[in-house]
Structure formats: C-alpha cells, structure tokens
$ cat target.csv   # CSV, C-alpha atoms and all ligand atoms
chain,number,residue,atom,x,y,z
J,18,MET,CA,28.8,3.8,-13.0
J,19,SER,CA,26.4,0.9,-12.9
J,20,ALA,CA,23.0,1.7,-11.5
J,21,PRO,CA,22.6,0.6,-7.8
J,22,ALA,CA,19.7,-1.7,-7.2
J,23,ALA,CA,17.4,0.9,-5.7
J,24,MET,CA,18.1,3.8,-8.0
J,25,PRO,CA,14.8,4.6,-9.7
J,26,ALA,CA,14.7,2.8,-13.0
J,27,ALA,CA,13.7,5.9,-14.9
J,28,PRO,CA,15.2,9.1,-13.5
J,29,ASN,CA,12.6,10.8,-11.4
J,30,LEU,CA,12.6,14.2,-13.1
J,31,ALA,CA,10.9,17.2,-11.7
J,32,GLY,CA,9.4,19.7,-14.1
J,33,ASP,CA,12.5,21.8,-13.9
J,34,GLY,CA,14.9,19.0,-15.0
J,35,ARG,CA,16.3,18.3,-11.6
J,36,THR,CA,16.4,14.7,-10.5
J,37,ASP,CA,14.4,13.9,-7.4
J,38,LEU,CA,16.5,12.0,-4.8
J,39,VAL,CA,13.4,10.5,-3.0
J,40,GLY,CA,13.6,6.8,-3.7
J,41,TYR,CA,17.4,6.7,-3.6
J,42,ASP,CA,18.7,4.3,-1.0
J,43,LEU,CA,22.1,4.7,0.8
J,44,ALA,CA,23.9,2.7,-1.9
J,45,ALA,CA,22.5,4.9,-4.6
J,46,LEU,CA,23.3,8.1,-2.7
J,47,THR,CA,26.8,6.8,-2.0
J,48,ALA,CA,27.4,6.1,-5.7
J,49,LEU,CA,26.2,9.5,-6.5
J,50,PHE,CA,28.6,11.1,-4.1
J,51,VAL,CA,31.5,9.1,-5.5
J,52,GLU,CA,30.5,10.4,-8.9
J,53,LEU,CA,30.4,13.9,-7.6
J,54,GLY,CA,33.9,13.5,-6.1
J,55,GLU,CA,32.6,13.8,-2.6
J,56,PRO,CA,33.6,11.5,0.3
J,57,ALA,CA,31.3,8.5,0.4
J,58,PHE,CA,30.5,8.8,4.1
J,59,ARG,CA,28.8,12.1,3.5
J,60,ALA,CA,26.0,10.2,1.6
J,61,ARG,CA,24.8,8.9,5.0
J,62,GLN,CA,24.4,12.5,6.2
J,63,LEU,CA,22.2,13.3,3.2
J,64,TYR,CA,20.3,10.0,3.6
J,65,ARG,CA,19.5,11.0,7.2
J,66,TRP,CA,18.3,14.5,6.2
J,67,ILE,CA,16.0,13.0,3.6
J,68,TYR,CA,14.6,10.0,5.4
J,69,ASN,CA,15.0,10.7,9.1
J,70,ARG,CA,14.6,14.5,9.3
J,71,GLY,CA,12.3,14.9,6.3
J,72,ALA,CA,14.2,17.8,5.0
J,73,THR,CA,13.3,19.0,1.5
J,74,ASP,CA,15.6,22.1,1.4
J,75,PHE,CA,19.3,21.5,0.9
J,76,ALA,CA,20.0,24.8,2.5
J,77,ALA,CA,18.8,23.4,5.8
J,78,MET,CA,21.3,20.5,5.8
J,79,SER,CA,23.7,22.2,8.1
J,80,ASP,CA,26.4,19.5,8.4
J,81,LEU,CA,27.0,19.5,4.6
J,82,ALA,CA,29.4,22.1,3.3
J,83,LYS,CA,27.9,25.1,1.5
J,84,PRO,CA,29.4,24.4,-1.9
J,85,LEU,CA,28.1,20.8,-1.8
J,86,ARG,CA,24.6,22.1,-0.8
J,87,ASP,CA,24.7,24.5,-3.7
J,88,LEU,CA,25.8,21.8,-6.1
J,89,LEU,CA,23.1,19.4,-4.9
J,90,ALA,CA,20.4,22.2,-5.1
J,91,ALA,CA,21.4,23.0,-8.7
J,92,ARG,CA,21.0,19.4,-9.9
J,93,PHE,CA,18.7,17.6,-7.6
J,94,ARG,CA,15.6,18.1,-5.4
J,95,VAL,CA,14.0,16.3,-2.6
J,96,GLY,CA,10.3,16.4,-3.6
J,97,ARG,CA,6.9,15.3,-2.6
J,98,PRO,CA,3.9,14.4,-4.7
J,99,GLY,CA,1.8,17.5,-5.2
J,100,ALA,CA,-1.4,17.3,-3.3
J,101,THR,CA,-4.4,18.8,-5.2
J,102,SER,CA,-6.7,18.2,-2.3
J,103,VAL,CA,-6.7,17.0,1.3
J,104,LEU,CA,-10.1,15.9,2.6
J,105,GLU,CA,-10.9,15.2,6.2
J,106,SER,CA,-13.8,13.0,7.3
J,107,PHE,CA,-16.0,13.5,10.3
J,108,ASP,CA,-14.3,10.4,11.8
J,109,GLY,CA,-10.8,11.9,11.5
J,110,THR,CA,-9.8,9.9,8.3
J,111,THR,CA,-7.7,12.0,5.9
J,112,LYS,CA,-7.6,11.5,2.1
J,113,TRP,CA,-5.0,13.0,-0.1
J,114,LEU,CA,-5.5,13.4,-3.9
J,115,LEU,CA,-2.0,13.5,-5.3
J,116,ARG,CA,-1.1,14.8,-8.7
J,117,LEU,CA,2.0,13.2,-10.1
J,118,THR,CA,4.5,14.9,-12.4
J,119,ASP,CA,2.9,13.4,-15.5
J,120,GLY,CA,-0.6,14.7,-14.4
J,121,ASN,CA,-1.9,11.3,-13.3
J,122,GLU,CA,-3.5,11.2,-9.9
J,123,VAL,CA,-3.6,8.7,-7.0
J,124,GLU,CA,-5.2,8.7,-3.6
J,125,CYS,CA,-3.7,7.9,-0.2
J,126,VAL,CA,-5.7,7.6,3.1
J,127,HIS,CA,-4.8,8.0,6.8
J,128,ILE,CA,-7.0,6.1,9.2
J,129,PRO,CA,-6.4,7.2,12.8
J,130,GLU,CA,-7.2,5.0,15.8
J,131,THR,CA,-6.9,5.9,19.5
J,132,ASP,CA,-3.3,4.9,20.0
J,133,ARG,CA,-2.1,4.4,16.4
J,134,GLY,CA,-2.8,5.1,12.8
J,135,ALA,CA,-2.5,3.4,9.5
J,136,LEU,CA,-1.5,5.0,6.2
J,137,CYS,CA,-3.2,3.3,3.2
J,138,VAL,CA,-0.8,3.6,0.3
J,139,SER,CA,-1.5,3.2,-3.4
J,140,SER,CA,0.8,1.2,-5.7
J,141,GLN,CA,-0.6,2.0,-9.1
J,142,VAL,CA,-2.6,4.6,-10.9
J,143,GLY,CA,-5.8,2.7,-11.3
J,144,CYS,CA,-5.7,-1.1,-11.4
J,145,THR,CA,-5.8,-3.8,-14.1
J,146,LEU,CA,-7.6,-6.4,-12.0
J,147,SER,CA,-11.2,-5.2,-12.5
J,148,CYS,CA,-12.6,-6.8,-9.3
J,149,LYS,CA,-16.4,-6.4,-9.7
J,150,PHE,CA,-17.1,-4.7,-6.4
J,151,CYS,CA,-14.1,-2.3,-6.4
J,152,HIS,CA,-14.4,1.2,-7.6
J,153,THR,CA,-10.6,1.4,-8.5
J,154,GLY,CA,-11.2,-1.5,-10.8
J,155,THR,CA,-13.4,0.6,-13.0
J,156,GLN,CA,-10.6,3.1,-13.7
J,157,ARG,CA,-9.2,2.4,-17.1
J,158,LEU,CA,-5.9,4.3,-17.0
J,159,VAL,CA,-3.2,2.3,-15.3
J,160,ARG,CA,0.5,2.7,-14.7
J,161,ASN,CA,2.8,1.6,-12.0
J,162,LEU,CA,3.9,4.1,-9.4
J,163,THR,CA,7.7,4.6,-9.0
J,164,ALA,CA,9.4,3.9,-5.7
J,165,ALA,CA,9.5,7.7,-5.1
J,166,GLU,CA,5.8,8.1,-5.7
J,167,ILE,CA,5.0,5.2,-3.3
J,168,LEU,CA,7.3,6.5,-0.6
J,169,GLY,CA,6.3,10.0,-1.3
J,170,GLN,CA,2.8,9.2,0.0
J,171,VAL,CA,4.3,8.3,3.4
J,172,MET,CA,6.6,11.3,3.4
J,173,LEU,CA,3.8,13.7,2.5
J,174,ALA,CA,1.6,12.3,5.3
J,175,ARG,CA,4.5,12.7,7.8
J,176,ASP,CA,4.9,16.3,6.7
J,177,ARG,CA,1.3,17.0,7.6
J,178,PHE,CA,1.6,15.3,11.0
J,179,GLY,CA,5.0,16.8,11.8
J,180,GLU,CA,6.5,13.3,12.3
J,181,TRP,CA,10.1,14.1,11.4
J,182,PRO,CA,12.2,12.6,12.9
J,183,SER,CA,10.1,9.7,13.9
J,184,PRO,CA,8.6,10.4,17.3
J,185,VAL,CA,9.2,7.6,19.8
J,186,GLU,CA,5.7,7.9,21.2
J,187,GLY,CA,2.4,9.1,20.0
J,188,ARG,CA,3.0,8.6,16.3
J,189,ARG,CA,0.0,9.2,14.1
J,190,ILE,CA,1.4,7.0,11.4
J,191,THR,CA,2.4,3.7,13.1
J,192,ASN,CA,1.4,1.4,10.3
J,193,ILE,CA,1.6,1.2,6.5
J,194,VAL,CA,-1.0,-0.9,4.7
J,195,MET,CA,-0.5,-1.4,0.9
J,196,MET,CA,-4.2,-1.4,0.4
J,197,GLY,CA,-4.7,1.7,-1.7
J,198,MET,CA,-5.2,1.8,-5.4
J,199,GLY,CA,-3.5,-0.9,-7.5
J,200,GLU,CA,-2.1,-4.4,-7.1
J,201,PRO,CA,1.2,-4.2,-5.3
J,202,LEU,CA,2.5,-7.5,-6.4
J,203,TYR,CA,2.2,-6.3,-10.0
J,204,ASN,CA,4.6,-3.5,-9.2
J,205,TRP,CA,7.1,-5.6,-7.2
J,206,ASP,CA,10.4,-3.8,-7.8
J,207,ASN,CA,9.1,-0.3,-6.9
J,208,ILE,CA,7.1,-1.6,-3.9
J,209,ALA,CA,10.2,-3.5,-2.6
J,210,ALA,CA,12.5,-0.5,-3.0
J,211,ALA,CA,9.9,1.8,-1.3
J,212,LEU,CA,9.2,-0.5,1.6
J,213,ARG,CA,12.9,-1.2,2.2
J,214,LEU,CA,13.4,2.5,2.6
J,215,ALA,CA,10.3,2.8,4.8
J,216,MET,CA,11.4,0.1,7.2
J,217,ASP,CA,15.1,1.2,7.5
J,218,GLY,CA,15.7,2.1,11.1
J,219,GLU,CA,18.0,4.9,10.2
J,220,GLY,CA,15.4,6.6,8.1
J,221,ILE,CA,11.6,6.4,8.2
J,222,ALA,CA,11.8,3.4,10.6
J,223,ILE,CA,8.4,1.8,10.3
J,224,SER,CA,9.0,-1.8,11.3
J,225,ARG,CA,8.2,-4.6,8.8
J,226,ARG,CA,5.8,-5.9,11.6
J,227,ARG,CA,3.8,-2.8,11.1
J,228,ILE,CA,3.6,-3.0,7.3
J,229,THR,CA,0.9,-5.1,5.6
J,230,LEU,CA,0.8,-5.9,1.9
J,231,SER,CA,-2.5,-6.8,0.5
J,232,THR,CA,-2.8,-8.8,-2.8
J,233,ALA,CA,-5.7,-10.0,-4.8
J,234,GLY,CA,-3.7,-13.2,-5.2
J,235,VAL,CA,-0.7,-13.0,-7.4
J,236,ALA,CA,0.3,-16.5,-6.1
J,237,PRO,CA,3.8,-16.8,-7.8
J,238,MET,CA,5.0,-13.6,-6.1
J,239,ILE,CA,3.9,-14.4,-2.5
J,240,ARG,CA,6.9,-16.4,-1.4
J,241,ARG,CA,9.3,-13.7,-2.7
J,242,CYS,CA,7.3,-11.1,-0.8
J,243,GLY,CA,7.9,-13.0,2.5
J,244,GLU,CA,11.5,-13.8,1.8
J,245,GLU,CA,12.6,-10.4,0.6
J,246,LEU,CA,10.4,-8.1,2.6
J,247,GLY,CA,9.0,-10.1,5.5
J,248,VAL,CA,6.0,-7.9,5.8
J,249,ASN,CA,2.5,-9.0,6.9
J,250,LEU,CA,0.5,-10.6,4.2
J,251,ALA,CA,-3.2,-9.9,3.5
J,252,ILE,CA,-5.1,-11.9,0.9
J,253,SER,CA,-8.3,-10.5,-0.7
J,254,LEU,CA,-10.2,-13.8,-0.8
J,255,HIS,CA,-13.8,-12.8,-1.0
J,256,ALA,CA,-15.2,-16.1,-2.2
J,257,VAL,CA,-14.9,-19.8,-1.3
J,258,THR,CA,-15.5,-21.4,-4.7
J,259,ASP,CA,-13.6,-20.8,-7.9
J,260,GLU,CA,-16.9,-20.3,-9.7
J,261,LEU,CA,-17.8,-17.2,-7.7
J,262,ARG,CA,-14.2,-16.0,-7.2
J,263,ASP,CA,-13.7,-16.0,-11.0
J,264,VAL,CA,-16.5,-13.5,-11.2
J,265,LEU,CA,-15.6,-11.3,-8.2
J,266,VAL,CA,-11.8,-11.3,-8.6
J,267,PRO,CA,-11.1,-12.2,-12.2
J,268,LEU,CA,-7.4,-12.8,-11.3
J,269,ASN,CA,-8.7,-16.1,-9.9
J,270,ARG,CA,-8.9,-17.5,-13.4
J,271,LYS,CA,-5.2,-17.2,-13.5
J,272,TYR,CA,-4.4,-18.3,-9.9
J,273,PRO,CA,-7.3,-20.3,-8.6
J,274,ILE,CA,-8.1,-20.7,-4.9
J,275,ALA,CA,-6.1,-23.9,-4.4
J,276,GLU,CA,-3.0,-22.5,-5.9
J,277,LEU,CA,-3.4,-19.2,-3.9
J,278,LEU,CA,-3.9,-21.1,-0.6
J,279,ALA,CA,-0.9,-23.3,-1.3
J,280,ALA,CA,1.2,-20.2,-1.7
J,281,CYS,CA,-0.1,-18.9,1.6
J,282,ARG,CA,0.8,-22.1,3.3
J,283,GLY,CA,4.3,-21.6,2.1
J,284,TYR,CA,4.6,-18.0,3.3
J,285,PRO,CA,7.9,-17.6,5.1
J,286,GLY,CA,7.8,-16.8,8.8
J,287,LEU,CA,4.1,-17.9,9.1
J,288,ARG,CA,3.2,-18.7,12.7
J,289,ASN,CA,0.4,-17.8,15.1
J,290,ALA,CA,2.1,-14.5,16.0
J,291,ARG,CA,2.4,-13.7,12.3
J,292,ARG,CA,-0.9,-14.6,10.8
J,293,ILE,CA,-2.1,-14.1,7.3
J,294,THR,CA,-5.1,-11.9,7.1
J,295,PHE,CA,-7.8,-13.0,4.8
J,296,GLU,CA,-10.0,-10.2,3.7
J,297,TYR,CA,-13.6,-11.0,2.8
J,298,VAL,CA,-15.9,-8.3,1.5
J,299,MET,CA,-19.5,-8.9,2.6
J,300,LEU,CA,-21.8,-8.7,-0.4
J,301,LYS,CA,-25.5,-9.2,0.3
J,302,GLY,CA,-26.8,-12.5,-0.9
J,303,VAL,CA,-23.7,-13.2,-2.9
J,304,ASN,CA,-21.0,-14.6,-0.6
J,305,ASP,CA,-22.4,-14.1,2.9
J,306,SER,CA,-24.2,-17.4,3.8
J,307,ALA,CA,-23.5,-19.6,6.8
J,308,ASP,CA,-22.5,-22.4,4.4
J,309,GLU,CA,-19.8,-20.2,2.9
J,310,ALA,CA,-18.5,-19.3,6.3
J,311,ARG,CA,-18.1,-23.0,7.1
J,312,GLU,CA,-16.4,-23.6,3.7
J,313,LEU,CA,-14.0,-20.7,4.3
J,314,VAL,CA,-13.0,-22.3,7.6
J,315,ARG,CA,-12.4,-25.6,5.9
J,316,LEU,CA,-10.3,-24.0,3.1
J,317,ILE,CA,-7.9,-22.2,5.4
J,318,ALA,CA,-7.6,-25.1,7.9
J,319,GLY,CA,-4.0,-25.2,9.2
J,320,ILE,CA,-3.1,-21.7,8.2
J,321,PRO,CA,-2.3,-19.3,11.0
J,322,ALA,CA,-4.9,-16.7,10.0
J,323,LYS,CA,-7.3,-14.1,10.8
J,324,VAL,CA,-10.4,-13.3,8.7
J,325,ASN,CA,-11.1,-9.6,8.3
J,326,LEU,CA,-14.8,-9.1,7.2
J,327,ILE,CA,-15.2,-5.9,5.2
J,328,PRO,CA,-18.8,-4.7,4.9
J,329,PHE,CA,-19.1,-3.7,1.2
J,330,ASN,CA,-18.6,0.0,0.6
J,331,PRO,CA,-20.9,1.3,-2.1
J,332,TRP,CA,-19.9,3.6,-4.9
J,333,PRO,CA,-22.0,5.1,-7.7
J,334,GLY,CA,-23.3,2.4,-10.0
J,335,ALA,CA,-21.9,-0.5,-7.9
J,336,PRO,CA,-23.7,-3.8,-8.7
J,337,TYR,CA,-23.7,-5.0,-5.1
J,338,GLU,CA,-25.1,-4.2,-1.7
J,339,ARG,CA,-23.7,-4.4,1.8
J,340,SER,CA,-24.8,-7.5,3.8
J,341,ASP,CA,-27.0,-6.9,6.8
J,342,ASP,CA,-25.3,-6.5,10.2
J,343,ASP,CA,-26.8,-9.7,11.6
J,344,THR,CA,-25.7,-11.7,8.5
J,345,ILE,CA,-22.2,-10.4,9.0
J,346,GLU,CA,-22.3,-11.2,12.7
J,347,ARG,CA,-23.5,-14.8,12.0
J,348,PHE,CA,-20.7,-15.3,9.4
J,349,ALA,CA,-18.1,-13.9,11.9
J,350,GLU,CA,-19.4,-16.1,14.7
J,351,ILE,CA,-18.9,-19.3,12.6
J,352,VAL,CA,-15.3,-18.2,11.7
J,353,ARG,CA,-14.6,-17.3,15.4
J,354,ARG,CA,-15.9,-20.6,16.7
J,355,ALA,CA,-13.4,-22.4,14.4
J,356,GLY,CA,-10.6,-20.5,16.2
J,357,TYR,CA,-9.9,-17.6,13.9
J,358,PRO,CA,-10.2,-14.0,15.0
J,359,SER,CA,-12.7,-12.4,12.7
J,360,PRO,CA,-13.0,-8.7,13.2
J,361,VAL,CA,-15.6,-6.8,11.2
J,362,ARG,CA,-13.9,-3.8,9.7
J,363,THR,CA,-15.7,-0.5,10.5
J,364,PRO,CA,-16.0,1.6,7.4
J,365,ARG,CA,-13.9,4.7,7.7
J,366,GLY,CA,-14.0,7.9,5.8
J,367,GLU,CA,-17.1,6.9,3.8
J,368,ASP,CA,-18.3,10.6,3.6
J,369,ILE,CA,-15.1,11.5,1.6
J,370,MET,CA,-15.1,8.3,-0.4
J,371,ALA,CA,-12.0,7.0,1.4
J,372,ALA,CA,-13.3,3.6,2.5
J,373,CYS,CA,-11.9,0.3,1.1
J,374,GLY,CA,-12.7,0.0,-2.5
J,375,GLN,CA,-13.9,3.5,-3.0
J,376,LEU,CA,-10.8,5.1,-4.3
J,377,LYS,CA,-10.8,6.2,-7.9
J,378,SER,CA,-9.1,9.3,-9.3
J,379,ALA,CA,-10.0,11.5,-12.1
J,380,SER,CA,-7.0,10.3,-14.1
J,381,GLU,CA,-9.2,8.2,-16.4
J,382,LYS,CA,-10.6,11.4,-17.8
J,383,MET,CA,-7.3,11.9,-19.5
J,384,ARG,CA,-5.8,10.2,-22.5
J,385,ARG,CA,-5.3,6.4,-22.0
J,386,GLY,CA,-1.7,5.6,-21.1
J,387,ALA,CA,0.4,2.4,-21.2
J,388,THR,CA,-0.9,-0.6,-19.3
J,389,ALA,CA,1.4,-1.5,-16.4
J,390,ALA,CA,0.7,-5.2,-16.1
J,391,PRO,CA,-0.9,-7.9,-18.2
J,392,PRO,CA,-4.6,-8.2,-17.6
J,393,ALA,CA,-5.6,-11.2,-15.6
J,401,LIG,N1,-5.1,-5.1,-5.1
J,401,LIG,C1,-4.9,-5.4,-3.7
J,401,LIG,C2,-4.8,-4.1,-2.8
J,401,LIG,C3,-6.1,-3.4,-2.6
J,401,LIG,S1,-6.5,-3.6,-1.0
J,401,LIG,C4,-5.9,-6.3,-3.2
J,401,LIG,O1,-6.8,-6.6,-3.9
J,401,LIG,O2,-5.7,-6.9,-2.1
J,401,LIG,C5,-8.2,-3.0,-0.9
J,401,LIG,C6,-9.1,-4.0,-0.2
J,401,LIG,O3,-10.4,-3.5,-0.3
J,401,LIG,C7,-9.1,-5.3,-1.0
J,401,LIG,O4,-9.3,-6.4,0.0
J,401,LIG,C8,-10.4,-5.2,-1.8
J,401,LIG,O5,-10.9,-6.4,-2.3
J,401,LIG,C9,-11.3,-4.5,-0.9
J,401,LIG,N2,-12.4,-3.8,-1.5
J,401,LIG,C10,-12.4,-3.4,-2.8
J,401,LIG,N3,-13.6,-2.8,-3.1
J,401,LIG,C11,-14.3,-2.8,-2.0
J,401,LIG,C12,-15.6,-2.3,-1.6
J,401,LIG,N4,-16.4,-1.7,-2.5
J,401,LIG,N5,-16.0,-2.5,-0.3
J,401,LIG,C13,-15.2,-3.1,0.6
J,401,LIG,N6,-14.0,-3.6,0.3
J,401,LIG,C14,-13.6,-3.4,-0.9
$ encode --input "target.csv" --output "structure tokens"
Amino acid sequence: MSAPAAMPAAPNLAGDGRTDLVGYDLAALTALFVELGEPAFRARQLYRWIYNRGATDFAAMSDLAKPLRDLLAARFRVGRPGATSVLESFDGTTKWLLRLTDGNEVECVHIPETDRGALCVSSQVGCTLSCKFCHTGTQRLVRNLTAAEILGQVMLARDRFGEWPSPVEGRRITNIVMMGMGEPLYNWDNIAAALRLAMDGEGIAISRRRITLSTAGVAPMIRRCGEELGVNLAISLHAVTDELRDVLVPLNRKYPIAELLAACRGYPGLRNARRITFEYVMLKGVNDSADEARELVRLIAGIPAKVNLIPFNPWPGAPYERSDDDTIERFAEIVRRAGYPSPVRTPRGEDIMAACGQLKSASEKMRRGATAAPPA
C-alpha cells in the first residue's frame, strides 16, 4: 500500500505501541480500511466520529460493528496531546501547556471575544528564527510538530469547550490563528495536512476564511500557501528598513523586505475583502517613529492590507520596552490616514504569559534534539 498524502510521515505511536489516527484524512482512513478488509465506505463513518463528533473511544462509535471496533481499539487510538497544565487569565484567556509523546512541550492559547474566539496554535517546539523581541526565539530546542500534534491542539480545546459536533451558533472557537510557537512555513507539509483537516466541512469545519497563518517572511512559500490552502495571510514585518529588520527578524537577511513584499503582492486571492495583515510590534524608540509609519505606508502601497500594531509584550530579560500609548496612537493614525485599518492589539493573557511572543516551554531544559529547519 502506498502511503496516502496525509498519512503522517512517521507513524504517530502512542506509548503503548498503538498508532494514533488523529492526522489521518479520509483517503488515509479509506486505505486503512481496505487493508483491514473492511468496506471502504465505513471509513467515512470513522472519519466523522473522529473529526465531527470528537469521539476518542471506539466503543462509542455505535454504527461500526462490534468486531471492527474491537479490532480498531487493539491496534489504534484516537488521542489528544497530554495537557500538563491549563491556566486561565483574569481576562478569560486560556493557555494549555501540552506534553508530547517524546516529552517535548508546546503551548496553545484560546483568546475569547464577545461573539467569537481564536485559538492560537503552535507549529513547532521552539523556533529557529531567533527574532530579538520574541521569547520563543530564545528556546533552543526545536522540532517540527506532526500534523496530529498541530490538529490535536484544536481538538483538545474543543474538548474543553464541548464543541463536538461543531455548534452552529455560539462557538467559542470560531477562528484559528497559526501564531503560536514556531514558524509555520518551515513546517509546511504538516501544517497543510492539519489545516486541510481543520477546514473540512464534514469534520472540524472551520472555514479557511477564519484561519490565519502568520509568517516571519518565508517568501518562497507564500504563493504556495495561498494556492494550496487559501487561508488569510499575516506577515510579521516589524521594521521598514532592511538594516533594522535584519536585526529584529534575522530571517530578513535571507528574504529581505523587497522580496517579501513582492511575494505578498502575488498572494493568490488578494483583494480588499481578503487583505494581508501586516503585524508590527511596537518597540519603544526602536521602530515606532512617525517617519517609520510613513515609510511603512509607502512600502505597502497598492497591497490590500491592514496593519496590526502589537504593543511589545515583555518577558524576563527582554532587551526592549513597549512604546508609549500616545506613540502607538500617533503611528496608527498615520497608517489609518493612508487608508489602512490599523487596530492596536490589546495584550491578552499577560498574567499567564500567554500574550504574543511570550510563549516558551520548559522543553529547552531537556537534552538538545534535532533542528527542524535550517537557521536563517
Ligand atoms: N513565526 C511566525 C508565527 C508567530 S506569530 C511569525 O513570526 O509570524 C507571533 C507574533 O507575535 C509574530 O508577529 C511575532 O513577531 C509577534 N511577537 C513575538 N514576540 C513578541 C513580543 N514580545 N511582543 C509582541 N509581539 C511579539
């Protein structure tokens, strides 16, 4: 049997030797059923139990025959990442610290708003990019998450909020933002497999319009992201000159601003209703002047865009400070007058270190593992 596209590259083994089915798409489950000598159409029933109903116990899958359920239970499981802690902020933000089967840890954050909520999902253990203002960038141990580990974050959060099957109204997880730990475009295959499963209407059913992928600027992967996933794109810009961006986001030395913005201009499906979000962290006295706001507007001219200003979130030993409120407002005003919406992101979950750039797990205390992607 040749491996279907979305079958996890390495079998996702639980500690007990059973293979985890989370991460298998319908084609992979169908191939598995054929291999087991079961009618292929039954794979769809299992698919719906896993991704629509959120079932983790084969015994509950009442429309599958008992011998098949027993067979599945002996060889497979439908797992979730283990949560070592779940913290809740005074503002309602929830942060999970997840322990993966190899002992590594990642974090995942739910940010509720009045009528919706975003789940901020991690793509890697740690990050290779070493952006100077980001806590995750100081974590040395890095590996890519598997599709199952990425999707498992969404499934675990849905378990907590009882969102199986997807409620039509009042969902607490309406959006997914790939803005947690790691660089998603350095883990393309697993991100693509996980997001395809997340957006499938027969399963988890979170529309591509409600999914945003944020990248520090892996320019050559941007077109593919639009063509193959069609999700919203966010770019962590943070500086308007290569000189400064080389320092803040060292990946810029590989893909400088002009190349990055050219890739943005070519993003498939770009129009006013589907703008690119440029994220810009506000660092006191570093990148927050009125001249820089004007230069930003000049750089992105012609791109349907919105500029999300993120007040810097401090972490122990961080070499920067947050810009003053009036400096941020002055910067935003210049951008708005040029015709771009420019919301200032309210820090959420600061008391539990869950705000942008504050995520960092204890994994680095463990032995160094393989590096997932080449350093910038
Ligand atoms: N690697 C991807 C995904 C991370 S998204 C990317 O860089 O886009 C996390 C966002 O938070 C990025 O825009 C990142 O630059 C920003 N960020 C990192 N550290 C921060 C901090 N200390 N304060 C505010 N924003 C920060």
$ atom_distance --input "target.csv" --atom1 "CA of Leu88 (chain J)" --atom2 "CA of Thr118 (chain J)"
23.3 Å
$ closest_residue --input "target.csv" --among "J:Leu202, J:Leu173, J:Leu53, J:Leu278" --to "ligand LIG 401 (chain J)" --atoms "only C-alpha atoms and all ligand atoms"
J:Leu202
$ residues_around --input "target.csv" --residues "Ala310 (chain J)" --least-positions-apart "3" --cutoff "7 Å" --atoms "only C-alpha atoms" --output "PyMOL selection string"
chain J and resi 306-307+313-314+348+351-352
$ closest_residue --input "target.csv" --among "J:Ala57, J:Leu376, J:Ala135, J:Leu89" --to "ligand LIG 401 (chain J)" --atoms "all atoms listed in the file"
J:Leu376
$ closest_residue --input "target.csv" --among "J:Thr344, J:Thr163, J:Thr145, J:Asn304" --to "ligand LIG 401 (chain J)" --atoms "all atoms listed in the file"
J:Thr145
$ residues_near_point --input "target.csv" --point "(1.8, 1.4, -9.1)" --cutoff "12 Å" --atoms "all atoms listed in the file" --output "PyMOL selection string"
chain J and resi 117+121-124+138-145+158-168+195-209+211+388-390
$ residues_around --input "target.csv" --residues "Ile223 (chain J)" --least-positions-apart "3" --cutoff "12 Å" --atoms "all atoms listed in the file" --output "compact mmCIF listing (two decimals) with C-alpha atoms, keeping the file's coordinate frame"
# COMPACT_ATOMS: atom_id res chain seq x y z
CA TYR J 68 14.60 10.00 5.40
CA ASN J 69 15.00 10.70 9.10
CA GLY J 134 -2.80 5.10 12.80
CA ALA J 135 -2.50 3.40 9.50
CA LEU J 136 -1.50 5.00 6.20
CA LEU J 168 7.30 6.50 -0.60
CA VAL J 171 4.30 8.30 3.40
CA MET J 172 6.60 11.30 3.40
CA ARG J 175 4.50 12.70 7.80
CA GLU J 180 6.50 13.30 12.30
CA PRO J 182 12.20 12.60 12.90
CA SER J 183 10.10 9.70 13.90
CA PRO J 184 8.60 10.40 17.30
CA VAL J 185 9.20 7.60 19.80
CA ARG J 188 3.00 8.60 16.30
CA ARG J 189 0.00 9.20 14.10
CA ILE J 190 1.40 7.00 11.40
CA THR J 191 2.40 3.70 13.10
CA ASN J 192 1.40 1.40 10.30
CA ILE J 193 1.60 1.20 6.50
CA VAL J 194 -1.00 -0.90 4.70
CA ALA J 211 9.90 1.80 -1.30
CA LEU J 212 9.20 -0.50 1.60
CA ARG J 213 12.90 -1.20 2.20
CA LEU J 214 13.40 2.50 2.60
CA ALA J 215 10.30 2.80 4.80
CA MET J 216 11.40 0.10 7.20
CA ASP J 217 15.10 1.20 7.50
CA GLY J 218 15.70 2.10 11.10
CA GLU J 219 18.00 4.90 10.20
CA GLY J 220 15.40 6.60 8.10
CA ARG J 226 5.80 -5.90 11.60
CA ARG J 227 3.80 -2.80 11.10
CA ILE J 228 3.60 -3.00 7.30
CA THR J 229 0.90 -5.10 5.60
CA VAL J 248 6.00 -7.90 5.80
$ decode --input "target.csv" --residues "region 37-50 of chain J" --atoms "N, CA and C atoms" --output "mmCIF file, in the first residue's frame"
data_model
loop_
_atom_site.group_PDB
_atom_site.id
_atom_site.type_symbol
_atom_site.label_atom_id
_atom_site.label_comp_id
_atom_site.auth_asym_id
_atom_site.auth_seq_id
_atom_site.Cartn_x
_atom_site.Cartn_y
_atom_site.Cartn_z
ATOM 1 N N ASP J 37 -1.830 6.333 16.460
ATOM 2 C CA ASP J 37 -2.878 7.339 16.640
ATOM 3 C C ASP J 37 -3.470 7.709 15.283
ATOM 4 N N LEU J 38 -4.794 7.695 15.199
ATOM 5 C CA LEU J 38 -5.442 8.004 13.919
ATOM 6 C C LEU J 38 -5.639 9.504 13.692
ATOM 7 N N VAL J 39 -5.437 10.312 14.714
ATOM 8 C CA VAL J 39 -5.574 11.759 14.505
ATOM 9 C C VAL J 39 -4.506 12.195 13.501
ATOM 10 N N GLY J 40 -4.915 12.957 12.499
ATOM 11 C CA GLY J 40 -3.990 13.344 11.440
ATOM 12 C C GLY J 40 -4.263 12.572 10.157
ATOM 13 N N TYR J 41 -4.987 11.458 10.244
ATOM 14 C CA TYR J 41 -5.353 10.705 9.046
ATOM 15 C C TYR J 41 -6.520 11.406 8.367
ATOM 16 N N ASP J 42 -6.399 11.638 7.059
ATOM 17 C CA ASP J 42 -7.540 12.196 6.343
ATOM 18 C C ASP J 42 -8.409 11.054 5.825
ATOM 19 N N LEU J 43 -9.468 11.411 5.086
ATOM 20 C CA LEU J 43 -10.399 10.373 4.634
ATOM 21 C C LEU J 43 -9.710 9.361 3.722
ATOM 22 N N ALA J 44 -8.818 9.870 2.864
ATOM 23 C CA ALA J 44 -8.107 8.949 1.958
ATOM 24 C C ALA J 44 -7.250 7.964 2.755
ATOM 25 N N ALA J 45 -6.611 8.451 3.783
ATOM 26 C CA ALA J 45 -5.750 7.579 4.594
ATOM 27 C C ALA J 45 -6.582 6.560 5.360
ATOM 28 N N LEU J 46 -7.720 6.996 5.896
ATOM 29 C CA LEU J 46 -8.577 6.059 6.624
ATOM 30 C C LEU J 46 -9.165 5.020 5.670
ATOM 31 N N THR J 47 -9.502 5.465 4.457
ATOM 32 C CA THR J 47 -10.052 4.535 3.462
ATOM 33 C C THR J 47 -9.010 3.476 3.125
ATOM 34 N N ALA J 48 -7.792 3.915 2.898
ATOM 35 C CA ALA J 48 -6.716 2.962 2.575
ATOM 36 C C ALA J 48 -6.525 1.974 3.725
ATOM 37 N N LEU J 49 -6.655 2.472 4.907
ATOM 38 C CA LEU J 49 -6.506 1.610 6.084
ATOM 39 C C LEU J 49 -7.617 0.561 6.131
ATOM 40 N N PHE J 50 -8.840 0.975 5.847
ATOM 41 C CA PHE J 50 -9.962 0.034 5.876
ATOM 42 C C PHE J 50 -9.817 -1.022 4.790
#
